[in-house]
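Listing of my_file.cif, mmCIF, C-alpha atoms
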```
data_start
#
loop_
_atom_site.label_atom_id
_atom_site.label_comp_id
_atom_site.auth_asym_id
_atom_site.auth_seq_id
_atom_site.Cartn_x
_atom_site.Cartn_y
_atom_site.Cartn_z
CA MET P 2 0.00 0.00 0.00
CA ALA P 3 1.31 3.44 -0.83
CA ALA P 4 2.38 5.74 1.97
CA ARG P 5 0.08 8.66 2.60
CA GLU P 6 -0.06 11.67 4.87
CA THR P 7 -1.79 10.95 8.15
CA ASN P 8 -3.91 13.60 9.88
CA PRO P 9 -1.73 14.75 12.79
CA ASN P 10 -4.73 15.31 15.09
CA PHE P 11 -5.76 11.70 14.70
CA MET P 12 -2.15 10.67 15.29
CA ASN P 13 -2.14 11.94 18.89
CA GLY P 14 -0.75 9.15 21.05
CA VAL P 15 -0.30 6.75 18.11
CA PRO P 16 3.49 7.11 17.76
CA GLU P 17 3.88 6.48 21.51
CA LEU P 18 1.69 3.41 21.30
CA LEU P 19 3.54 1.94 18.31
CA ILE P 20 6.97 2.70 19.72
CA LEU P 21 6.20 1.19 23.11
CA ARG P 22 4.71 -1.89 21.45
CA LEU P 23 7.79 -2.41 19.29
CA LEU P 24 10.29 -1.79 22.06
CA GLU P 25 8.49 -4.11 24.42
CA GLN P 26 9.61 -6.96 22.21
CA GLU P 27 13.25 -5.92 21.73
CA GLU P 28 15.52 -2.92 22.06
CA MET P 29 15.96 -0.87 18.90
CA TYR P 30 17.52 2.36 17.64
CA GLY P 31 15.62 5.10 15.84
CA TYR P 32 16.13 3.97 12.26
CA GLU P 33 15.11 0.41 13.13
CA ILE P 34 11.99 1.66 14.91
CA VAL P 35 10.84 3.70 11.92
CA GLN P 36 11.47 0.85 9.47
CA ALA P 37 9.61 -1.57 11.74
CA ILE P 38 6.61 0.79 11.99
CA ARG P 39 6.62 1.23 8.23
CA SER P 40 6.76 -2.50 7.50
CA ARG P 41 4.32 -3.65 10.20
CA THR P 42 1.67 -1.06 9.28
CA ASP P 43 2.16 -1.66 5.55
CA ALA P 44 3.28 1.96 5.32
CA VAL P 45 -0.22 3.20 6.22
CA ILE P 46 1.31 5.22 9.03
CA ALA P 47 3.99 7.33 7.43
CA VAL P 48 5.42 10.46 8.99
CA GLY P 49 8.71 12.28 8.54
CA GLU P 50 11.13 9.74 9.96
CA GLY P 51 13.06 12.28 12.01
CA VAL P 52 10.09 13.20 14.18
CA VAL P 53 10.37 9.86 15.95
CA TYR P 54 13.24 11.20 18.06
CA PRO P 55 11.35 13.88 20.02
CA VAL P 56 8.78 11.15 20.83
CA LEU P 57 11.56 8.81 22.01
CA HIS P 58 13.22 11.55 24.07
CA GLY P 59 9.89 12.54 25.58
CA LEU P 60 9.09 8.96 26.58
CA GLU P 61 12.56 8.61 28.04
CA ARG P 62 12.15 11.78 30.11
CA GLU P 63 8.83 10.48 31.39
CA GLY P 64 10.53 7.25 32.47
CA ALA P 65 8.73 5.02 29.95
CA LEU P 66 11.92 4.26 28.04
CA THR P 67 15.55 3.87 28.86
CA SER P 68 18.44 4.27 26.44
CA ARG P 69 22.02 3.08 26.15
CA ARG P 70 24.77 3.72 23.65
CA LYS P 71 25.96 0.63 21.85
CA THR P 72 28.53 0.19 19.08
CA VAL P 73 27.42 -2.11 16.27
CA ASN P 74 29.43 -2.52 13.04
CA ASN P 75 31.73 0.31 14.14
CA ARG P 76 28.79 2.69 14.49
CA SER P 77 27.70 4.08 17.80
CA ARG P 78 23.93 4.00 18.20
CA ILE P 79 21.45 4.84 20.92
CA TYR P 80 19.26 1.84 21.67
CA TYR P 81 15.95 2.26 23.46
CA SER P 82 14.04 -0.25 25.58
CA VAL P 83 10.85 -0.16 27.65
CA THR P 84 10.89 0.28 31.42
CA PRO P 85 8.25 -1.20 33.78
CA ALA P 86 6.57 2.23 33.78
CA GLY P 87 6.57 2.09 29.99
CA SER P 88 4.86 -1.30 30.08
CA HIS P 89 2.07 0.16 32.24
CA ARG P 90 1.77 3.08 29.86
CA LEU P 91 1.56 0.69 26.92
CA ALA P 92 -1.23 -1.26 28.61
CA ASP P 93 -3.20 1.95 29.26
CA LEU P 94 -2.68 3.25 25.72
CA SER P 95 -3.56 -0.12 24.18
CA GLU P 96 -6.80 -0.28 26.14
CA ALA P 97 -7.75 3.28 25.22
CA TRP P 98 -7.04 2.74 21.52
CA THR P 99 -8.80 -0.63 21.44
CA ASN P 100 -11.91 0.98 22.91
CA LEU P 101 -11.68 3.92 20.51
CA ALA P 102 -11.16 1.68 17.49
CA ALA P 103 -14.11 -0.51 18.53
CA ALA P 104 -16.30 2.56 18.94
CA ILE P 105 -15.35 3.94 15.54
CA GLN P 106 -15.85 0.53 13.93
CA LYS P 107 -19.27 0.30 15.54
CA MET P 108 -20.12 3.74 14.25
CA LEU P 109 -18.99 2.89 10.73
CA THR P 110 -20.91 -0.37 10.61
CA GLY P 111 -24.06 1.24 11.99
CA GLY P 112 -24.01 -0.45 15.40
CA GLN P 113 -24.74 2.77 17.23
CA HIS P 114 -27.74 3.45 14.99
CA ASP P 115 -29.08 -0.03 15.65
CA GLU P 116 -28.71 0.47 19.40
CA ALA P 117 -30.34 3.87 19.25
CA ILE P 118 -33.50 2.60 17.58
CA GLN P 119 -33.87 -0.44 19.85
CA MET X 6 27.15 18.45 10.11
CA THR X 7 25.13 19.15 6.97
CA LYS X 8 23.66 22.53 6.14
CA PRO X 9 20.00 21.64 6.89
CA PHE X 10 20.99 20.58 10.38
CA ASN X 11 22.78 23.86 10.99
CA GLU X 12 19.58 25.68 10.16
CA LEU X 13 17.56 23.29 12.31
CA ARG X 14 19.96 23.79 15.22
CA GLU X 15 19.55 27.57 15.00
CA ARG X 16 15.76 27.28 14.89
CA LEU X 17 15.64 24.97 17.89
CA LEU X 18 17.99 27.07 19.98
CA ARG X 19 16.11 30.25 19.12
CA ALA X 20 12.88 28.54 20.09
CA GLY X 21 14.35 27.88 23.54
CA VAL X 22 15.14 24.16 23.29
CA ALA X 23 17.94 23.30 25.72
CA PRO X 24 21.33 22.86 23.97
CA ARG X 25 21.79 19.32 25.30
CA HIS X 26 18.49 18.21 23.77
CA VAL X 27 19.36 19.93 20.48
CA ARG X 28 22.77 18.22 20.39
CA ARG X 29 21.31 14.77 20.97
CA TYR X 30 18.49 15.29 18.47
CA LEU X 31 20.87 16.40 15.73
CA THR X 32 23.27 13.54 16.45
CA GLU X 33 20.51 10.99 16.07
CA LEU X 34 19.14 12.73 12.98
CA ALA X 35 22.60 12.66 11.39
CA ASP X 36 22.89 8.92 12.12
CA HIS X 37 19.42 8.33 10.75
CA LEU X 38 20.23 10.31 7.61
CA ALA X 39 23.36 8.22 7.06
CA ASP X 40 21.28 5.02 7.35
CA LEU X 41 18.67 6.34 4.92
CA ARG X 42 21.34 7.44 2.45
CA ALA X 43 22.98 3.99 2.59
CA GLU X 44 19.58 2.35 2.07
CA GLU X 45 18.85 4.54 -0.96
CA GLU X 46 22.31 3.85 -2.40
CA ARG X 47 21.76 0.12 -1.97
CA ALA X 48 18.55 0.59 -3.95
CA GLY X 49 20.64 1.83 -6.87
CA ARG X 50 20.41 5.61 -6.58
CA SER X 51 23.38 7.88 -7.20
CA ARG X 52 24.94 9.55 -4.16
CA ALA X 53 23.27 12.89 -4.89
CA ASP X 54 19.86 11.31 -5.47
CA ALA X 55 20.26 9.15 -2.39
CA GLU X 56 21.08 12.23 -0.29
CA SER X 57 18.05 14.07 -1.61
CA ALA X 58 15.70 11.10 -1.09
CA ALA X 59 17.09 10.54 2.41
CA LEU X 60 16.47 14.16 3.37
CA THR X 61 12.90 13.95 2.07
CA ARG X 62 12.25 10.79 4.08
CA LEU X 63 13.78 12.32 7.19
CA GLY X 64 11.13 15.06 7.17
CA GLY X 65 10.78 18.73 6.34
CA MET X 66 12.55 21.38 8.37
CA ASP X 67 9.25 22.69 9.78
CA ASP X 68 8.12 19.24 10.90
CA LEU X 69 11.47 18.38 12.46
CA ALA X 70 11.58 21.69 14.32
CA LYS X 71 7.93 21.61 15.40
CA ALA X 72 8.20 18.06 16.76
CA MET X 73 10.80 19.33 19.21
CA THR X 74 9.58 22.85 19.98
CA GLU X 75 6.00 21.89 20.77
CA GLN X 76 7.18 19.79 23.72
CA ARG X 77 7.71 22.15 26.64
CA GLN X 78 9.75 19.59 28.52
CA PHE X 79 12.68 20.18 26.14
CA GLN X 80 12.83 23.91 26.82
CA SER X 81 15.83 25.21 28.71
CA TRP X 82 15.49 26.66 32.20
CA SER X 83 16.71 30.01 30.94
CA VAL X 84 13.64 30.21 28.69
CA ARG X 85 11.21 28.91 31.28
CA ALA X 86 12.54 31.18 34.02
CA PRO X 87 14.96 33.82 32.69
CA TRP X 88 14.66 35.78 35.95
CA ALA X 89 16.14 32.78 37.76
CA THR X 90 18.90 32.08 35.24
CA PHE X 91 20.05 35.66 34.78
CA GLY X 92 19.04 37.12 38.15
CA LEU X 93 18.56 34.80 41.09
CA ALA X 94 21.12 32.09 40.25
CA PRO X 95 24.02 34.53 39.64
CA LEU X 96 23.18 36.32 42.89
CA LEU X 97 23.16 33.09 44.86
CA LEU X 98 26.40 32.03 43.21
CA LEU X 99 27.95 35.41 44.04
CA ALA X 100 26.81 35.15 47.66
CA ALA X 101 28.25 31.63 47.96
CA ALA X 102 31.56 32.65 46.38
CA TRP X 103 31.86 35.68 48.66
CA PHE X 104 31.10 33.54 51.68
CA VAL X 105 34.04 31.33 50.70
CA ALA X 106 36.27 34.37 50.10
CA LEU X 107 35.40 35.84 53.50
CA PHE X 108 35.97 32.52 55.20
CA ILE X 109 39.43 32.34 53.57
CA LEU X 110 40.06 35.91 54.77
CA TRP X 111 38.98 35.09 58.31
CA PHE X 112 41.10 31.90 58.33
CA GLY X 113 44.17 33.77 57.07
CA TRP X 114 43.62 36.47 59.68
CA LYS X 115 43.59 33.87 62.39
CA MET X 116 46.59 31.99 61.00
CA PHE X 117 48.92 34.74 59.80
CA LEU X 118 47.87 37.89 61.68
CA PRO X 119 46.73 36.69 65.11
CA GLY X 120 47.85 39.90 66.79
CA SER X 121 46.41 42.32 64.25
CA ASP X 122 43.10 44.12 64.71
CA THR X 123 42.39 43.81 60.99
CA PRO X 124 43.13 41.24 58.27
CA PHE X 125 43.96 44.10 55.89
CA ALA X 126 47.25 44.89 57.65
CA PRO X 127 50.47 44.27 55.65
CA ALA X 128 51.20 40.55 55.80
CA GLY X 129 54.85 40.70 54.73
CA ASP X 130 56.38 39.31 51.54
CA GLY X 131 56.00 35.61 52.06
CA PHE X 132 53.26 33.02 51.70
CA ALA X 133 50.82 35.02 53.85
CA ASN X 134 50.95 37.93 51.43
CA VAL X 135 50.31 35.64 48.43
CA TYR X 136 47.48 34.01 50.37
CA PHE X 137 45.71 37.34 51.01
CA GLN X 138 46.34 38.62 47.48
CA ILE X 139 44.81 35.49 45.92
CA ASP X 140 41.80 35.82 48.20
CA ARG X 141 41.46 39.49 47.26
CA ALA X 142 41.67 38.67 43.55
CA PHE X 143 39.04 35.96 44.05
CA PHE X 144 36.71 38.37 45.88
CA PHE X 145 36.95 41.06 43.21
CA GLY X 146 37.13 38.61 40.28
CA VAL X 147 34.06 36.56 41.10
CA PRO X 148 31.51 39.08 39.73
CA ILE X 149 33.44 39.18 36.46
CA LEU X 150 33.59 35.37 36.22
CA ILE X 151 29.86 35.15 36.91
CA GLY X 152 29.25 37.84 34.29
CA TRP X 153 31.17 35.79 31.72
CA GLY X 154 29.03 32.81 32.68
CA ILE X 155 25.86 34.83 32.06
CA GLY X 156 27.21 35.93 28.68
CA LEU X 157 28.17 32.39 27.65
CA ILE X 158 24.78 30.96 28.57
CA ALA X 159 23.00 33.76 26.73
CA VAL X 160 25.10 33.36 23.59
CA ARG X 161 24.90 29.56 23.63
CA GLN X 162 21.13 29.65 23.86
CA ARG X 163 20.70 32.48 21.34
CA PHE X 164 19.06 34.67 23.97
CA LYS X 165 17.90 38.19 23.20
CA ALA X 166 20.06 40.76 24.96
CA VAL X 167 17.52 42.14 27.47
CA TRP X 168 17.75 39.51 30.21
CA PRO X 169 21.51 38.93 30.02
CA ILE X 170 22.22 42.67 30.09
CA ALA X 171 19.87 43.08 33.07
CA GLY X 172 21.74 40.28 34.84
CA LEU X 173 25.12 41.80 34.04
CA VAL X 174 24.03 45.22 35.33
CA LEU X 175 22.73 43.65 38.54
CA ILE X 176 25.97 41.74 39.13
CA ALA X 177 28.05 44.83 38.34
CA LEU X 178 26.03 46.98 40.76
CA ILE X 179 26.30 44.49 43.59
CA GLY X 180 29.86 43.49 42.80
CA GLY X 181 31.01 47.10 42.49
CA THR X 182 29.44 48.40 45.67
CA ALA X 183 30.31 45.52 48.01
CA GLN X 184 32.57 46.41 50.90
CA VAL X 185 34.15 44.27 53.59
CA GLN X 186 34.64 45.31 57.21
CA ALA X 187 36.61 43.47 59.85
CA SER X 188 37.08 44.18 63.53
CA ARG X 189 38.42 42.54 66.63
CA ALA X 190 37.19 45.18 69.00
CA ALA X 191 35.52 42.95 71.56
CA VAL X 192 38.46 40.88 72.74
CA SER X 193 42.03 41.53 71.72
CA GLY X 194 43.37 38.45 69.93
CA GLY X 195 39.87 36.99 69.87
CA ILE X 196 38.00 35.38 67.01
CA GLY X 197 37.35 38.59 65.04
CA HIS X 198 34.31 39.67 63.10
CA ILE X 199 33.98 40.13 59.33
CA SER X 200 30.93 41.70 57.70
CA MET X 201 29.83 43.13 54.34
CA ASP X 202 27.76 46.07 53.24
CA PHE X 203 27.07 47.93 50.01
CA ALA X 204 27.93 51.56 49.33
CA LEU X 205 28.95 53.66 46.35
CA GLY X 206 31.88 55.35 48.04
CA THR X 207 34.11 55.02 51.10
CA SER X 208 35.89 57.51 53.32
CA VAL X 209 39.19 55.84 52.47
CA ASP X 210 38.82 55.38 48.69
CA GLY X 211 36.62 58.37 47.90
CA PRO X 212 33.05 58.75 46.61
CA PHE X 213 33.77 57.49 43.08
CA TYR X 214 35.41 54.19 44.03
CA GLY X 215 32.11 52.27 43.88
CA PRO X 216 30.92 53.68 40.54
CA PHE X 217 34.41 53.10 39.13
CA ARG X 218 34.30 49.43 40.14
CA VAL X 219 30.77 49.10 38.74
CA MET X 220 31.94 50.48 35.41
CA VAL X 221 35.01 48.20 35.36
CA ILE X 222 32.89 45.09 36.00
CA LEU X 223 30.31 46.18 33.43
CA THR X 224 32.97 46.81 30.80
CA LEU X 225 34.74 43.50 31.45
CA THR X 226 31.50 41.52 31.23
CA VAL X 227 29.33 43.32 28.68
CA LEU X 228 32.15 43.77 26.17
CA PRO X 229 33.01 40.05 25.85
CA TYR X 230 29.28 39.27 25.65
CA LEU X 231 28.80 41.69 22.76
CA ILE X 232 31.90 40.33 21.00
CA TRP X 233 30.65 36.73 21.40
CA ARG X 234 27.28 37.78 19.94
CA LEU X 235 28.95 39.40 16.94
CA GLN X 236 31.18 36.37 16.38
CA GLN X 237 28.18 34.07 16.59
CA ALA X 238 26.16 36.14 14.14
CA HIS X 239 29.12 36.14 11.77
CA SER X 240 29.70 32.37 11.91
CA ARG X 241 25.95 31.75 11.58
CA SER X 242 25.75 33.85 8.43
CA GLN X 243 28.65 31.83 6.99
CA MET X 244 27.11 28.46 7.90
CA LEU X 245 23.62 29.08 6.54
#
```
Can you dump the structure from the file as structure tokens?
Amino acid sequence: MAARETNPNFMNGVPELLILRLLEQEEMYGYEIVQAIRSRTDAVIAVGEGVVYPVLHGLEREGALTSRRKTVNNRSRIYYSVTPAGSHRLADLSEAWTNLAAAIQKMLTGGQHDEAIQ
Amino acid sequence: MTKPFNELRERLLRAGVAPRHVRRYLTELADHLADLRAEEERAGRSRADAESAALTRLGGMDDLAKAMTEQRQFQSWSVRAPWATFGLAPLLLLAAAWFVALFILWFGWKMFLPGSDTPFAPAGDGFANVYFQIDRAFFFGVPILIGWGIGLIAVRQRFKAVWPIAGLVLIALIGGTAQVQASRAAVSGGIGHISMDFALGTSVDGPFYGPFRVMVILTLTVLPYLIWRLQQAHSRSQML
């Protein structure tokens, strides 16, 4: 699927959610994170790749992520991983987005209308 | 560092993002750009095309800047509370440094001039004299050192001149009017008493001694600050 611009207002909280989900599985550096998001969302979610860093730094400041410098193939990189606080945050965000997605899906398929007329 | 990052750095610093956050952001962006360029080159693009495609994928200047500036947590303390950075903190630092200087004076008085009613008496040519001269230089030099610190912070963070100049004037006024008194009137050979007050002139040095010191401190702090600003503006115009 071709990459397309995503409405920033609807993206509120999405980058955090995706990043925490990815980093819960393994530690990664910025470039890897962006490529993983691109491939796992079939490039539906596509933003300027550089804007991932303020999100990472913000999550780190809030204690949801921790970082360490690691040299791989003679290149020094900053790897990020999720902290216990980040896992809690991921659980909260996942629940909120699951509920929101279900509500929107219900709306789109007419569920709310059906309920309203019952 | 590439030209777009120089421009981005200037925009972030001018927007009040703390230098350490800017440095880290640009370092990671540069690494990311190198990875993207390598990926594009592996895909068969020429170096110039790969560079251009990598920059496009990295994001536009506005997006990269906005992602950082819209998060208040990355703002420097000098932007959040300039009154504290350029007013309160230098004053506290000056007070602490003077406390140390006066303690050194009192200690030297006790050690080298136990029979003297004042620590300002001639202490001879030896170590005691060097000791008191260094302490004196420290006491009078501290406001200038703090002024240089204010100037460096302001230049580093691309601050407008109002707050730094206000801070420099405040430090010069306090630094230039400070006076030290010492007495051992109560008990001869006793512990002695050292105090400070602030006045423009003294009966010993005349009425213009204070204003003269204020002007010296102001000149020695404002001048380097203005030179640093000019140098910075010059190097910025060459980089962009």
Counting all atoms listed in the file, what are the residues of chain P within 9 Å of chain X, and for each of them which pair of atoms is the nearest and at what distance in Å, to one decimal? Sort the table by chain and rising number, as JSON lines.
```
{"residue": "P:Gly31", "atom": "CA", "partner": "X:His37", "partner_atom": "CA", "distance": 7.1}
{"residue": "P:Tyr32", "atom": "CA", "partner": "X:His37", "partner_atom": "CA", "distance": 5.7}
{"residue": "P:Val48", "atom": "CA", "partner": "X:Gly64", "partner_atom": "CA", "distance": 7.6}
{"residue": "P:Gly49", "atom": "CA", "partner": "X:Gly64", "partner_atom": "CA", "distance": 3.9}
{"residue": "P:Glu50", "atom": "CA", "partner": "X:Leu63", "partner_atom": "CA", "distance": 4.6}
{"residue": "P:Gly51", "atom": "CA", "partner": "X:Leu63", "partner_atom": "CA", "distance": 4.9}
{"residue": "P:Val52", "atom": "CA", "partner": "X:Leu69", "partner_atom": "CA", "distance": 5.6}
{"residue": "P:Val53", "atom": "CA", "partner": "X:Ala72", "partner_atom": "CA", "distance": 8.5}
{"residue": "P:Tyr54", "atom": "CA", "partner": "X:Tyr30", "partner_atom": "CA", "distance": 6.7}
{"residue": "P:Pro55", "atom": "CA", "partner": "X:Met73", "partner_atom": "CA", "distance": 5.5}
{"residue": "P:Val56", "atom": "CA", "partner": "X:Ala72", "partner_atom": "CA", "distance": 8.0}
{"residue": "P:His58", "atom": "CA", "partner": "X:His26", "partner_atom": "CA", "distance": 8.5}
{"residue": "P:Gly59", "atom": "CA", "partner": "X:Gln78", "partner_atom": "CA", "distance": 7.6}
{"residue": "P:Arg62", "atom": "CA", "partner": "X:Gln78", "partner_atom": "CA", "distance": 8.3}
{"residue": "P:Arg76", "atom": "CA", "partner": "X:Asp36", "partner_atom": "CA", "distance": 8.9}
{"residue": "P:Ser77", "atom": "CA", "partner": "X:Asp36", "partner_atom": "CA", "distance": 8.9}
{"residue": "P:Arg78", "atom": "CA", "partner": "X:Asp36", "partner_atom": "CA", "distance": 7.9}
{"residue": "P:Ile79", "atom": "CA", "partner": "X:Glu33", "partner_atom": "CA", "distance": 7.9}
```
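Between atom CA of X:Leu231 and atom CA of X:Leu98 lies a distance of 22.7 Å.
The coordinates place atom CA of P:Ala103 at 24.7 Å from atom CA of P:Leu24.
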key: Picked residues, the PyMOL selection byres ((chain X and resi 137) around 10), expected as a PyMOL selection string   = chain X and resi 106+109-110+113-114+117+124-125+127-128+132-136+138-143
Saved selection, atoms kept: C-alpha atoms, as a JSON list (two decimals), in the coordinates of the input:
```json
[["chain", "number", "residue", "atom", "x", "y", "z"],
["X", 106, "ALA", "CA", 36.27, 34.37, 50.10],
["X", 109, "ILE", "CA", 39.43, 32.34, 53.57],
["X", 110, "LEU", "CA", 40.06, 35.91, 54.77],
["X", 113, "GLY", "CA", 44.17, 33.77, 57.07],
["X", 114, "TRP", "CA", 43.62, 36.47, 59.68],
["X", 117, "PHE", "CA", 48.92, 34.74, 59.80],
["X", 124, "PRO", "CA", 43.13, 41.24, 58.27],
["X", 125, "PHE", "CA", 43.96, 44.10, 55.89],
["X", 127, "PRO", "CA", 50.47, 44.27, 55.65],
["X", 128, "ALA", "CA", 51.20, 40.55, 55.80],
["X", 132, "PHE", "CA", 53.26, 33.02, 51.70],
["X", 133, "ALA", "CA", 50.82, 35.02, 53.85],
["X", 134, "ASN", "CA", 50.95, 37.93, 51.43],
["X", 135, "VAL", "CA", 50.31, 35.64, 48.43],
["X", 136, "TYR", "CA", 47.48, 34.01, 50.37],
["X", 138, "GLN", "CA", 46.34, 38.62, 47.48],
["X", 139, "ILE", "CA", 44.81, 35.49, 45.92],
["X", 140, "ASP", "CA", 41.80, 35.82, 48.20],
["X", 141, "ARG", "CA", 41.46, 39.49, 47.26],
["X", 142, "ALA", "CA", 41.67, 38.67, 43.55],
["X", 143, "PHE", "CA", 39.04, 35.96, 44.05]]
```
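Between atom CA of X:Arg42 and atom CA of P:Gln36 the separation is 13.8 Å.
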